[in-house]
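**Q** Got a structure for you, written out below as C-alpha cells; questions coming shortly.
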Amino acid sequence: MGTKLKLGVLSMLVMSSFAQANVRTLASVTTSGGFMPPQFQGANGIVIYEDGLVKEIRRGVPAAALAKLSLNRVAALKKQIADISGGKIVDVDAGKPFCMDAPTTTYDIVKANGEKVQIAGWNACHNIELQDAEGNANLLKEVLEGLDRLTSLGE
C-alpha cells in the first residue's frame with residue numbers, strides 16, 4: 001500500500017472516530033459490579049447515539065456497532081425522551097431484603113439540554129423505576145432492554 005493511500009486511510013479512521021465522539025448520546029444501558037474476576041470488571045451494555053448508531057459497551061468503552069436506527073426511529077426516540085418529565089425514582093422492591101455482590105444495571109437517557117436522567121435500574125436486588133405521569137419511562141426502559149439483548153447474540 002502506498003504512503004499516500006496509507007495516510008488517506010489513517011485520516012479517514014481518525015475523522016470517523018472524531019465524528020462519532022461529537023455525536024450526542026441519547027440513551028444507555030450499563031451493567032457493572034457484582035462478583036467478577038478483575039479481567040472482566042467494568043461496565044457492559046449499550047449506548048445509543050443521536051445518529052442512530054447503537055454500540056455495545058465492553059468494560060466501559062463503546063465497542064462494536066450492534067444496529068443502526070432509522071431517522072424515523074431516532075425521531076421517535078427523541079420524542080419519547082422529551083416526553084419524560086417529572087416523576088420520581090421509586091424502589092419497587094421496598095421492604096424486601098437487599099443482596100450483595102450482584103451486578104448493578106442502570107437505564108439512562110440524556111435530555112436535549114444535556115441532563116442525564118436515570119429512568120430505571122437494578123441495584124442490590126432491588127428494581128428502581130422513574131414513575132412519570134404518562135408511563136413513558138417504563139416504555140422506554142422496555143425499548144432499551146430489547147436493544148441491550150442484542151449483545152447476547154455475540155459478534
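Identifiers in this document derive from the order of the C-alpha cells: chains are assigned A, B, ..., residues are numbered from 1 separately in each chain, and ligands are numbered from 1 in order of occurrence.
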Sort by chain and increasing residue number a table of all residues of stretch 23-106 of chain A within 10 Å of stretch 116-131 of chain A, each with its closest pair of atoms and their distance in Å to one decimal, counting only C-alpha atoms, and write it as CSV.

**A**
```
residue,atom,partner,partner_atom,distance
A:Thr25,CA,A:Lys116,CA,9.7
A:Leu26,CA,A:Lys116,CA,9.2
A:Ala27,CA,A:Lys116,CA,8.7
A:Ser28,CA,A:Gln118,CA,9.5
A:Val29,CA,A:Gly121,CA,9.0
A:Thr30,CA,A:Gly121,CA,9.3
A:Thr31,CA,A:Trp122,CA,9.0
A:Gly33,CA,A:Asn123,CA,9.8
A:Gly34,CA,A:Ala124,CA,9.3
A:Ile81,CA,A:Val117,CA,9.8
A:Ile84,CA,A:Ile119,CA,9.0
A:Ser85,CA,A:Gln131,CA,9.7
A:Gly86,CA,A:Gln131,CA,8.4
A:Gly87,CA,A:Gln131,CA,5.1
A:Lys88,CA,A:Leu130,CA,5.3
A:Ile89,CA,A:Leu130,CA,4.3
A:Val90,CA,A:Glu129,CA,5.4
A:Asp91,CA,A:Ile128,CA,4.6
A:Val92,CA,A:Asn127,CA,5.4
A:Asp93,CA,A:His126,CA,5.3
A:Ala94,CA,A:His126,CA,7.6
A:Gly95,CA,A:His126,CA,9.7
A:Lys96,CA,A:His126,CA,7.9
A:Pro97,CA,A:Cys125,CA,8.1
A:Phe98,CA,A:Ala124,CA,5.3
A:Cys99,CA,A:Ala124,CA,4.9
A:Met100,CA,A:Ala124,CA,6.0
A:Asp101,CA,A:Ala124,CA,7.7
A:Ala102,CA,A:Ala124,CA,6.2
A:Pro103,CA,A:Asn123,CA,7.1
A:Thr104,CA,A:Asn123,CA,4.7
A:Thr105,CA,A:Trp122,CA,5.1
A:Thr106,CA,A:Gly121,CA,4.3
```

**Q** Name all residues at most 10 Å from A:Lys68 (count only C-alpha atoms; drop same-chain ones fewer than 4 positions away) and give them as a list in words.

**A** Ile48, Tyr49, Asp51, Gly52, Leu53, Val54, Lys55, Arg73 and Val74 of chain A

**Q** List every residue of stretch 95-114 of chain A that has an atom at most 10 Å from any atom of stretch 133-142 of chain A, and for each one report the closest atom pair and its distance in Å to one decimal, counting only C-alpha atoms, with rows sorted by chain and then by increasing residue number, as a tab-separated table.

**A**
```
residue	atom	partner	partner_atom	distance
A:Thr106	CA	A:Lys141	CA	9.8
A:Tyr107	CA	A:Lys141	CA	6.7
A:Asp108	CA	A:Lys141	CA	8.8
A:Ile109	CA	A:Leu140	CA	9.2
```

**Q** Could you tell me which of A:Val110, A:Ala82, A:Ile46, A:Val23 comes closest to A:Ala64 if we count only C-alpha atoms?

**A**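 Distance minimum relative to A:Ala64 lands on A:Ile46.
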
**Q** I'd like the interatomic distance between atom CA of A:Leu69 and atom CA of A:Gly45, to a tenth of an Å.

**A**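 Rounded to one decimal, the two atoms are 17.0 Å apart.
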
**Q** When DSSP is applied to the backbone of this structure, which of stretch 57-105 of chain A are assigned strand (DSSP E or B)? Write them out as number ranges by chain.

**A** A: 57-58, 61-68, 88-91, 103-105

**Q** Near A:Leu150, within 9 Å and counting only C-alpha atoms, which residues show up once chain neighbours fewer than 2 positions away are dropped, as a PDB file with N, CA, C and O atoms, in the first residue's frame?

**A**
```pdb
ATOM      1  N   GLU A  56     -22.235  -1.519  21.348  1.00  0.00           N
ATOM      2  CA  GLU A  56     -22.047  -2.310  22.563  1.00  0.00           C
ATOM      3  C   GLU A  56     -20.977  -1.633  23.414  1.00  0.00           C
ATOM      4  O   GLU A  56     -20.008  -1.083  22.888  1.00  0.00           O
ATOM      5  N   LEU A  66     -23.906  -2.481  16.987  1.00  0.00           N
ATOM      6  CA  LEU A  66     -24.915  -3.544  17.027  1.00  0.00           C
ATOM      7  C   LEU A  66     -26.033  -3.304  16.024  1.00  0.00           C
ATOM      8  O   LEU A  66     -26.598  -4.241  15.487  1.00  0.00           O
ATOM      9  N   ALA A  67     -26.393  -2.038  15.834  1.00  0.00           N
ATOM     10  CA  ALA A  67     -27.529  -1.702  14.974  1.00  0.00           C
ATOM     11  C   ALA A  67     -27.441  -0.243  14.569  1.00  0.00           C
ATOM     12  O   ALA A  67     -26.679   0.528  15.154  1.00  0.00           O
ATOM     13  N   GLY A 146     -34.660  -4.321  25.091  1.00  0.00           N
ATOM     14  CA  GLY A 146     -34.626  -5.073  23.841  1.00  0.00           C
ATOM     15  C   GLY A 146     -33.332  -4.856  23.075  1.00  0.00           C
ATOM     16  O   GLY A 146     -32.715  -5.809  22.595  1.00  0.00           O
ATOM     17  N   LEU A 147     -32.913  -3.598  22.980  1.00  0.00           N
ATOM     18  CA  LEU A 147     -31.656  -3.308  22.280  1.00  0.00           C
ATOM     19  C   LEU A 147     -30.462  -3.900  23.020  1.00  0.00           C
ATOM     20  O   LEU A 147     -29.522  -4.402  22.402  1.00  0.00           O
ATOM     21  N   ASP A 148     -30.507  -3.872  24.356  1.00  0.00           N
ATOM     22  CA  ASP A 148     -29.408  -4.433  25.148  1.00  0.00           C
ATOM     23  C   ASP A 148     -29.293  -5.942  24.941  1.00  0.00           C
ATOM     24  O   ASP A 148     -28.198  -6.504  25.007  1.00  0.00           O
ATOM     25  N   SER A 152     -26.283 -10.257  23.585  1.00  0.00           N
ATOM     26  CA  SER A 152     -26.208 -11.695  23.885  1.00  0.00           C
ATOM     27  C   SER A 152     -26.047 -12.546  22.636  1.00  0.00           C
ATOM     28  O   SER A 152     -25.778 -13.742  22.732  1.00  0.00           O
ATOM     29  N   LEU A 153     -26.198 -11.943  21.457  1.00  0.00           N
ATOM     30  CA  LEU A 153     -26.076 -12.716  20.213  1.00  0.00           C
ATOM     31  C   LEU A 153     -24.633 -12.978  19.821  1.00  0.00           C
ATOM     32  O   LEU A 153     -24.364 -13.754  18.921  1.00  0.00           O
ATOM     33  N   GLY A 154     -23.702 -12.313  20.477  1.00  0.00           N
ATOM     34  CA  GLY A 154     -22.290 -12.485  20.139  1.00  0.00           C
ATOM     35  C   GLY A 154     -21.930 -11.653  18.918  1.00  0.00           C
ATOM     36  O   GLY A 154     -22.736 -10.899  18.399  1.00  0.00           O
TER      37      GLY A 154
END
```

**Q** Do you have the atom CA of A:Leu71-atom CA of A:Arg24 distance handy?

**A**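 Going from atom CA of A:Leu71 over to atom CA of A:Arg24 covers 14.6 Å.
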
**Q** Quote the spacing between atom CA of A:Lys111 and atom CA of A:Arg59 in Å to one decimal place.

**A** 24.7 Å

**Q** Show me, as a list in words, the residues that have an atom within 9 Å of A:Val61 when counting only C-alpha atoms, minus same-chain residues fewer than 2 positions from it.

**A** Gly42, Ala43, Asn44, Glu56, Ile57, Arg58, Arg59 and Ala63 of chain A
